[in-house]
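Report on the structure given below.
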Amino acid sequence: MRPRRSPAPASGADPPTGGAAGADAAPRLAAQVGFLLEADRLKSVLRRGHVADGSRYENSAEHSWTLALMAVVLAEHATEPVDVATVVRMVIIHDLVEVDAGDTYIYDEASQADKDERERRAADRLFGLLPDAQGRELRRLWDEFEAGDSPEARFARSLDRFAGFLLNHASGGASWRENGVTADRVHAINQRIDAGAPALWDEVQRRLSMAVAEGWIDPGPDPQP
């Protein structure tokens, strides 16, 4: 595991912990509390996947918590050494944009068309609620996740796909059947897991084959000769 990254604070930024006092403390705290109350709305954003027992739909805040726990538990399976603390920060904030943009179902091609633009606008607004330096730092992490251009981002993106797949499988394919998703699409869309965590991709393929055998998901069209 790599040592924790310690980037130099932005010019004029307060220390990452402690040190806020005097006249600056009250407005900073007010901005931070306002941001946190906006983030609380994530608990009301329903996803189209179910929780593991299939009893109800998962919400986006629960999904973020699942990813944070996975980052801690599954870090040894990352393709490259990663800073776990950075991955946890990334996955906790990456779906905050759904407060404004809503959850975009991964297999809904029509909704995917404007997803990036909707989420960028949401990121501008939400991270803009924070004190400037803090907002810029969280936005930088959000952009890093979206770009997938660091070991931490690649692993975080793999976890994001793996979590949704795992709950679909655990619930007996409930969401796949409700939305007419076939195994060939699951395979194609989740293949990027391999870039950040090959062992998790192997597990997806094993469980997907099991789901087809159990009749939880239609295999999809036969390959053309």
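The way I read the labels, and the way they are meant: chains A, B, ... in the order of the structure tokens, residue 1 as the first residue of every chain, and ligand 1 as the first ligand shown, with later ones counted on from there.
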
Those of stretch 50-199 of chain A in DSSP helix (DSSP H, G or I), formatted as a VMD selection string: chain A and resid 60 to 77 84 to 93 98 to 101 109 to 112 115 to 127 132 to 147 151 to 170 174 to 178 183 to 190 193 to 196 198 to 199

Write out as number ranges by chain each polymer residue whose atoms come within 10 Å of A:Arg121, counting only C-alpha atoms; drop sequence neighbours fewer than 5 positions from it. A: 97, 100-101, 116, 126

Skip A:Phe35 itself and residues of its chain fewer than 4 positions away, then list as a VMD selection string all residues within 10 Å of it, counting only C-alpha atoms. chain A and resid 29 to 31 39 to 40 126 to 131 135

Stretch 80-89 of chain A environment, 12 Å, only C-alpha atoms, sequence neighbours closer than 5 positions dropped, as number ranges by chain: A: 1-7, 64-75, 94-96, 137-142, 144-145, 148, 150-160, 194-198

Mind writing the picked residues with C-alpha atoms as a compact mmCIF listing (two decimals), in the first residue's frame?
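Saved to result-v7.txt:
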# COMPACT_ATOMS: atom_id res chain seq x y z
CA MET A 1 0.00 0.00 0.00
CA ARG A 2 1.47 3.37 -0.93
CA PRO A 3 2.04 6.08 1.68
CA ARG A 4 -0.80 8.54 1.96
CA ARG A 5 -0.53 11.38 -0.52
CA SER A 6 0.04 14.76 1.09
CA PRO A 7 -0.37 17.49 -1.54
CA SER A 64 -21.70 5.49 -1.55
CA TRP A 65 -21.35 3.85 1.88
CA THR A 66 -21.01 0.44 0.23
CA LEU A 67 -18.22 1.71 -2.00
CA ALA A 68 -16.36 3.20 0.96
CA LEU A 69 -16.54 -0.11 2.81
CA MET A 70 -15.45 -2.00 -0.29
CA ALA A 71 -12.47 0.33 -0.67
CA VAL A 72 -11.30 -0.61 2.82
CA VAL A 73 -11.99 -4.35 2.52
CA LEU A 74 -10.96 -5.02 -1.09
CA ALA A 75 -7.94 -2.74 -1.54
CA HIS A 94 -18.56 10.90 -6.50
CA ASP A 95 -22.35 10.41 -6.44
CA LEU A 96 -23.18 13.65 -4.61
CA GLU A 137 -10.10 20.05 -3.55
CA LEU A 138 -13.28 17.93 -3.53
CA ARG A 139 -14.03 18.95 -7.12
CA ARG A 140 -10.49 17.90 -8.08
CA LEU A 141 -11.13 14.47 -6.54
CA TRP A 142 -14.48 14.23 -8.34
CA GLU A 144 -10.06 12.57 -10.98
CA PHE A 145 -12.64 9.82 -10.48
CA GLY A 148 -9.99 7.50 -14.28
CA SER A 150 -4.85 7.53 -11.45
CA PRO A 151 -4.54 4.17 -9.67
CA GLU A 152 -7.02 5.35 -7.05
CA ALA A 153 -9.54 6.47 -9.65
CA ARG A 154 -9.25 3.26 -11.65
CA PHE A 155 -9.83 1.18 -8.53
CA ALA A 156 -12.71 3.41 -7.39
CA ARG A 157 -14.40 3.12 -10.80
CA SER A 158 -14.00 -0.67 -10.67
CA LEU A 159 -15.66 -0.75 -7.25
CA ASP A 160 -18.52 1.40 -8.54
CA ASP A 194 -10.70 -5.37 -15.13
CA ALA A 195 -8.61 -2.19 -15.42
CA GLY A 196 -8.69 -1.48 -11.71
CA ALA A 197 -9.25 -4.88 -10.12
CA PRO A 198 -8.80 -8.00 -12.30

If you count only C-alpha atoms, which residues fall within 12 Å of stretch 164-174 of chain A, apart from same-chain ones fewer than 4 positions away, as a ChimeraX atom specification? /A:47-60,62-64,66-67,70,105-107,157-160,178-183,185-187,189-191,193,200-201,203-218

I'd like the interatomic distance between atom CA of A:Gly220 and atom CA of A:Gln112, to a tenth of an Å.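 We find that atom CA of A:Gly220 and atom CA of A:Gln112 lie 21.0 Å from each other.
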
Would you mind writing down, as a VMD selection string, each residue of stretch 48-222 of chain A that DSSP on the backbone assigns to strand (DSSP E)? chain A and resid 48 to 50 57 to 59
